[in-house]
Each structure stands twice: as C-alpha cells, then as structure tokens.
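Encoded as structure tokens, the structure appears first; notes follow it.
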Amino acid sequence: MEKELNVVGARLPMMDAAQKVKGTALFTDDLILPGMLFGKILRSPVPHAKILNIDTSRAEKLPGVKGVVTGRDIPDRKYGIVPMAKDEYALAKDKVRYIGDDVAAVCAIDPEIAEEAVELIKVDYEELPAVFDPLEAKREGAPEIHAGIKNNTSFAIRKEFGDVRKAFAECDAIFEDTFYSQPVNHAPLEPHAALAQFDPLNGELTIWSSTQIPFFLRRNLSNTLQIPESKVRVVKPKVGGGFGQKIDLYAKDFCAAWFAIQLGKPVKFVYEREEVFISTRQRHPMYITVKTGMKKDGIILAQKFQAHADGGAYNSTAPTMIALSCYFLMIPYRVPNLIYEGYHVYTNKPVGGAMRGHGIPQARFAVERQLDMIAERLGLDAAEVRIKNSIHAGEPHPAKFIINTCGFSDSVKKAADAIGWKEKRGKLPLGRGVGLAGASFPSGVSNMSHISSGAVVQLGRDGAVNVLSGAADIGQGAETVISQIVAEELGVPIEDIRITAADTGITPLDPGTFGSGVTVRAGNAARLAVISVKQKLFNFIADKLEANVADLVAKDRNIFVKGSPEKGMTLSEALKSYQYADLPMPIVGRGSWMAPATEPTTLFKEDGNFAPSYSFMTQAAEVDVDLHTGKVKLLRMVTAHDCGRAINPMLVEGQLEGSVVGGMGQALYEDVIVEKGQVMNPSFLDYGFPTFLEMPEIEAIEVETDDPIGPFGAKEAGEGTQLSPAPAIVNAIYDAIGVNFMELPITPEKILDALEEKKNRKNSRSDQCISHC
C-alpha cells in the first residue's frame with residue numbers, strides 16, 4: 001500500500017463540525033427569503049379511494065391564502081427514482097392509495113393560515129377495498145391498487161445460478177426456514193423541507209431542498225413541472241440525516257416549486273414529524289423463505305431464496321431494492337447454486353424505499369439467522385462455517401462479480417477473537433450470550449453507465465485550493481473525505497482546501513449519496529482533477545529545477561525532486577513563478593470518474609459485475625437478557641471491517657457506531673405499526689429507537705486491504721455495517737436463552753412469551769416422562 005501519507009489516513013474532524021456544534025450551520029428550514037410564503041399539504045384520510053371531487057373554494061377565500069393546487073391542475077407526468085418504475089404523481093389525480101397520499105396543497109403568508117386552509121378543503125371520496133399484506137395483495141381477486149398491474153406485483157425477479165436441483169440432490173442436509181423483517185422508519189432528526197424561488201425574467205427556478213441527490217431531483221422537477229432542466233437549479237444546504245429517505249422527490253419539492261413559479265414569491269414547505277413517518281419512505285417489510293443445502297462439514301452447496309417485499313402504495317426504488325437483495329445473497333459467502341425469487345408487491349400502506357442497506361438487511365437477517373440454526377443442527381461451530389464458506393479475492397463468481405480485494409474471513413476471525421467467541425459461546429450463564437453475523441456491500445454501483453461523478457479543482461496564486469464537487473454530504477463527512485484526498489495529492493494541509501458541493505448550478509454532475517459510492521466516485525473524480533492541476537504546475541516547474549516531471553513530489557507545501565528534498569521550492573514560490581510567466585491563474589483541473597460499466601443498465605436481464613469494489617465485515621455482539629422483564633441489553637458490539645484504506649479512520653468509526661445503533665433499532669426496538677393502513681406510532685415519543693443511553697461498548701477493528709480502484713485504496717464504510725448488527729444481536733439472544741426468533745423486532749413481550757412457551761414445553765416433557773415411567 002502507499003506509504004508516507006500525511007492527510008489521507010489522518011483522524012480529522014469533519015470540516016463543518018464546528019458550525020454544527022455552534023448552531024451556525026444552515027439547514028433548509030433555517031433559510032429565509034424576503035416575502036416568503038409557507039405551504040401545507042392535504043393528505044388522504046383513507047387507504048384506497050377514487051377522488052370524485054375536490055372543493056377548494058373555502059380555502060381560497062381565507063384571508064392570507066395565496067394559492068391552492070390539486071392534482072387536476074398539474075401536468076400529467078409521473079415520476080420515480082428508477083426510470084422503469086415511474087408510477088407516482090406529485091399530487092394524486094384519480095385516486096389515493098394510502099393514508100397520507102398527497103391530495104392538495106396550499107400556500108399562505110404564515111404556516112398557521114396554511115394549516116387552517118388545508119382543513120377547509122373538501123374532498124369527496126368513493127372508498128375502495130384495500131389490502132394491507134403483500135401475500136394477500138398478490139392473490140387472485142385482491143383489490144387492484146394500480147391499473148393493469150397483475151396481482152399487484154410491480155416488479156419480480158427470478159434468477160438461477162448453477163444447477164440447483166442437482167446440488168440439492170448432493171446435499172447431506174437441507175433446511176428450510178421462514179423469516180419476517182419489519183417496516184423501519186429512517187427517523188432523520190431533520191424533517192424534510194424545501195424552499196423554492198423563481199425568477200420570471202430569465203425563467204430560472206432555484207430550490208433548496210433537504211435532498212441526497214440534487215441532480216436526480218433536478219431531473220424529476222424538470223419532468224413534473226415541464227420546464228427545461230437547464231432552468232432548474234437545486235442547492236443542497238446542510239442535511240440532518242437522510243439514510244435513503246431523502247432520495248425521492250416529494251410533494252414538498254414539487255409544490256414549493258409550483259407555487260414559486262405561479263406566484264413569483266419564494267415558498268417554503270416543511271414536513272411535520274408525523275408526515276415524515278407517514279408520507280415519505282420506510283424500509284420494506286419483507287417475508288423471506290430460505291432453503292439451504294449443505295454437506296455435513298458445513299459447505300454450502302445450494303440455496304433457494306424467496307422474498308415478498310411490501311412496497312406500499314408506490315414503487316420508489318423497487319427494482320433496485322429487489323435486485324440488491326438477490327445479488328447480495330452471493331457474497332460474502334460462496335453460493336455456487338442459487339435460485340432467487342423476489343417480488344415487490346403493492347399494498348395500501350406507506351411506501352417502501354431506499355434505506356441504509358437497501359433491501360439487503362432483510363436478506364442478511366434471514367441468511368445469518370439460518371446459518372446459526374444450521375450450524376447447531378449439524379453440530380458445527382457457526383464462526384467456522386462462515387470462514388469455511390467465505391468468498392476470496394480473485395476467484396470466479398457465479399454472478400460474474402469481480403472481487404479485487406476481500407478481507408471477510410479475516411473479519412470473522414478478528415471479530416470472533418475480540419468478542420471471546422471460543423470462551424463464551426454456549427458457556428455463559430443463562431441470560432448472557434454472544435453471536436456474530438457477516439455481510440458485504442458495494443462501493444457504489446457499476447451496472448448503470450450514466451452514473452459518473454465530476455470535480456473541478458482550482459489552485460490560486462496564494463496556494464488556496466477551491467474544489468467543486470457534485471457530491472452530497474448528508475452528515476457522513478463526504479466533503480471532508482474529498483478534501484483530504486485533494487490535500488494529500490497536492491501536498492498541502494486540509495486547511496488550504498475550500499469545497500463547494502451539491503449545487504447543480506455550479507458544481508459538476510454527480511449522482512448523489514446512495515449505494516455507498518461517494519468516496520469511490522467523487523473521491524476518484526477529485527483526485528483526477530487535482531492530478532491535472534499538479535501536472536500543469538509540474539510541467540512548468542520541472543524546467544526550473546532541471547528535473548523530470550515524473551521525479552517531482554508535492555508535499556508539505558513544497559515541490560521537490562524525489563529523494564532530494566533540498567532540490568526544490570515552496571508551493572508559494574512555484575505559483576509566483578507560474579503567474580509571472582503569464583500562465584493562466586488560477587490553475588484549473590477537471591476530473592470525471594465512473595465505474596467500468598456495460599449495457600444493459602439492469603441486472604434483471606443479464607449478470608455482471610455490480611460494483612467497482614466490495615466491502616466486507618463481521619459484527620459480533622454480547623447481550624444480557626433480563627429473564628424477568630424480557631429486556632435485552634446490548635453490552636458490547638465488535639465490528640471488524642474491510643473498507644480498504646480508511647481515508648479518515650475517525651469518520652469510519654462514526655459510521656460504524658451509527659450502524660450499530662441502527663442495527664439495535666432493527667433488532668430490538670423499531671417497528672412502524674400499521675392498522676388498516678393507519679400508522680399508529682408516527683412520532684419520536686411513540687416510535688421506539690435506541691438512544692445514547694442504550695449504546696453499548698463498541699470496538700472497531702480494521703481489516704485493511706489495498707483496493708486497486710478506490711482512491712488511495714478506499715472502499716465503502718457506510719451502509720455495509722448496517723447489514724449484520726441485527727442478526728448478530730438475535731444470534732446472541734439465542735445463545736443467551738436458547739430461543740430462536742424468526743421475526744423482528746425482538747421485544748420484551750416476545751421474549752417473555754417465548755420463555756414461557758419454552759418452560760411449558762419442558763414441563764410437558766417432564767410430565768410425559770413421569771407418566772411413561
């Protein structure tokens with residue numbers, strides 16, 4: 001690996017940390033423009049109905065109201081994140097499909113008047129039969145949610161790798177189990193917001209939005225508003241958490257823009273917390289059946305996997321979610337023969353969408369739980385089974401993945417050692433246990449050829465560096481990591497870097513924050529841009545130093561000949577000479593990077609490499625289960641993570657810690673409770689999630705590999721670590737109390753019921769023994 005790095009690998013705080021701590025960082029709702037109006041949205045109170053009539057007359061007459069819009073007023077344009085999955089209008093036109101569906105919007109001089117106006121709108125509905133479970137929605141005769149979609153199945157994928165029938169016939173043992181993973185809300189601290197302003201003189205729309213994907217949002221706004229993309233500017237202020245929920249366009253974006261255009265006034269929409277829970281996106285609930293065939297030594301020969309995802313009322317990212325949950329069954333373990341059947345099914349419930357891990361956490365819960373169950377049935381060590389079936393770099397892959405680097409088996413060993421696996425597994429007192437689980441995740445995606453990142457680097461006469469990047473920092477530290485890459489390549493401290501990012505009117509094209517590809521995509525683009533700058537300067541300085549360009553080094557604000565630091569000059573002197581030679585200042589470099597990709601742009605039809613690189617990780621948990629209350633306390637979590645080279649180890653650790661807490665929520669606390677289509681717990685008060693008080697002791701173990709594609713060897717360090725905490729915790733619960741749980745979350749009530757059932761079974765066996773004797 002590359003040595004003697006100064007900035008890359010340093011534990012540096014985020015560049016905007018001080019702003020956030022002091023409260024001076026500006027989020028969308030902090031922005032105020034002169035004459036600004038405020039908007040509110042009317043939402044459906046019924047899960048499924050035709051819209052017969054909307055009477056807005058009373059709302060329009062309310063003093064202070066400046067505009068009202070309904071679905072009948074807007075262009076007849078559907079939108080969606082995935083082009084093949086467009087099924088949603090900015091405001092409902094003919095019918096509503098879930099409680100919370102967007103029906104109409106108003107804007108007024110203050111939020112209170114807007115709220116009152118919404119209540120004055122009268123909507124006549126013809127209620128239709130509704131369906132709330134994907135297995136029921138898929139049956140013949142179920143209510144039709146979208147016209148022409150047979151069995152309400154908007155997307156289905158069936159893939160077969162190898163010869164599954166033959167492989168099952170050669171197995172020593174075959175196991176089949178069914179699991180359920182619940183709906184989980186992202187619960188970002190910052191609610192969704194948008195502020196739009198329109199300039200009638202040049203026809204340009206500017207919108208500030210709490211979004212993860214400014215350029216995709218620009219595309220969807222152009223489509224739904226029917227104005228040229230070149231006339232739409234999207235600016236991302238600070239974002240207080242996204243986790244995938246802020247990928248989509250929402251009514252708040254469209255309506256803020258619509259009213260700004262119609263009224264010539266800036267308009268702001270901010271969602272209430274209840275709206276975030278009901279009307280944005282959530283992790284897909286999923287029913288999963290896994291059939292696994294093994295040899296008696298624990299080698300996996302074949303799997304059959306069937307998943308039914310509850311998509312709610314619309315598609316959002318349905319095709320990508322289904323494809324991910326399929327293909328990532330094939331790593332981190334070697335599965336030579338696999339059948340996958342995945343179904344995205346409409347229901348009259350809140351919409352499923354991208355959430356950290358995007359379809360893979362549900363699948364990993366099922367696979368990692370079953371691996372532990374199988375290991376016990378076969379009398380094998382669960383950690384050894386994982387090591388034995390581990391993928392290795394360079395070996396052929398059934399789905400044609402190219403695994404350049406892989407530290408998975410090492411991650412299992414290190415996590416197991418750190419948690420005390422051999423000393424504790426099955427040996428602790430009743431109520432205490434340890435468990436582990438493994439996972440893998442892509443560093444961005446390479447199956448879509450239009451996903452590229454661009455960067456511009458400007459080196460000024462005083463040595464200051466200005467970076468333009470389209471990358472969207474939503475709190476993960478993307479701007480800091482990009483700045484570290486630029487600083488390292490140019491040989492300057494990070495203090496010399498100023499970065500402007502995620503403004504479609506200024507910065508280069510970028511797909512945004514999703515799929516854990518920011519460091520690889522945007523980092524490589526920025527590195528190429530700064531290399532271009534450096535080469536222009538080096539070409540000039542080489543003559544001055546009577547040296548070859550290839551022998552020059554930039555380090556510590558100096559440029560010198562490699563191996564002869566005394567033969568050189570300061571960066572300031574070099575820039576002064578460059579300027580006095582009447583060469584153009586600032587020195588500008590451009591870079592663009594995309595992962596190697598081939599058409600088609602979908603894995604539905606053709607196998608192929610999914611990502612430029614893959615991260616690998618194992619997480620091990622130790623839990624204490626209170627046998628009287630059923631409450632689970634996560635005592636310790638170890639994460640051994642192969643993320644290539646960590647550009648900023650402190651930020652990586654922050655990502656790991658966030659993932660552990662997110663995994664705790666999935667395993668033990670979080671569940672969007674829906675009754676007949678109505679969300680029953682849409683608030684932080686009622687929706688259970690872990691807080692700082694529940695955080696365990698967390699240990700991060702680095703499994704370093706040198707990835708040939710990522711900048712300075714880096715791979716993803718975000719979403720991947722969200723995949724295995726939940727199954728690791730549930731596996732530890734089994735070790736603690738000897739009860740297998742097949743659905744999430746594992747609440748105290750479920751544990752007490754399971755312990756009581758276990759006690760009754762034991763007593764029943766004892767009674768039978770006495771009777772027999």
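Here, A, B, ... name the chains of the structure tokens in the order displayed, residue numbers run from 1 inside each chain, and ligands are numbered from 1 in the same displayed order.
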
Would you tabulate, counting only C-alpha atoms, all residues of region 76-173 of chain A that have an atom at most 12 Å from an atom of region 329-335 of chain A, showing the closest pair of atoms and their distance in Å to one decimal, sorted by chain then ascending number, as a tab-separated table?
```
residue	atom	partner	partner_atom	distance
A:Lys159	CA	A:Leu329	CA	11.5
A:Glu160	CA	A:Val335	CA	11.3
A:Phe161	CA	A:Val335	CA	8.9
A:Gly162	CA	A:Val335	CA	9.3
A:Asp163	CA	A:Val335	CA	11.4
A:Val164	CA	A:Val335	CA	10.3
A:Ala167	CA	A:Val335	CA	10.7
```

query = If you count only C-alpha atoms, which residues fall within 12 Å of Arg377 (chain A), apart from same-chain ones fewer than 6 positions away, as an MDAnalysis selection string?
reply = chainID A and resid 173:175 294 296:298 370:371

query = CA of Ile499 (chain A) and CA of Ile213 (chain A) are how many Å apart?
reply =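 That distance, rounded to one decimal, is 17.6 Å.
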
remark   = Leu37 (chain A) proximity check over A:Gly663, A:Gly407, A:Pro183, A:Pro111, using only C-alpha atoms: winner is A:Pro111

query = Residues of region 262-441 of chain A in helix (DSSP H, G or I) according to DSSP, as a PyMOL selection string?
reply = chain A and resi 262-263+273-279+318-327+360-378+382-388+408-419+421-424
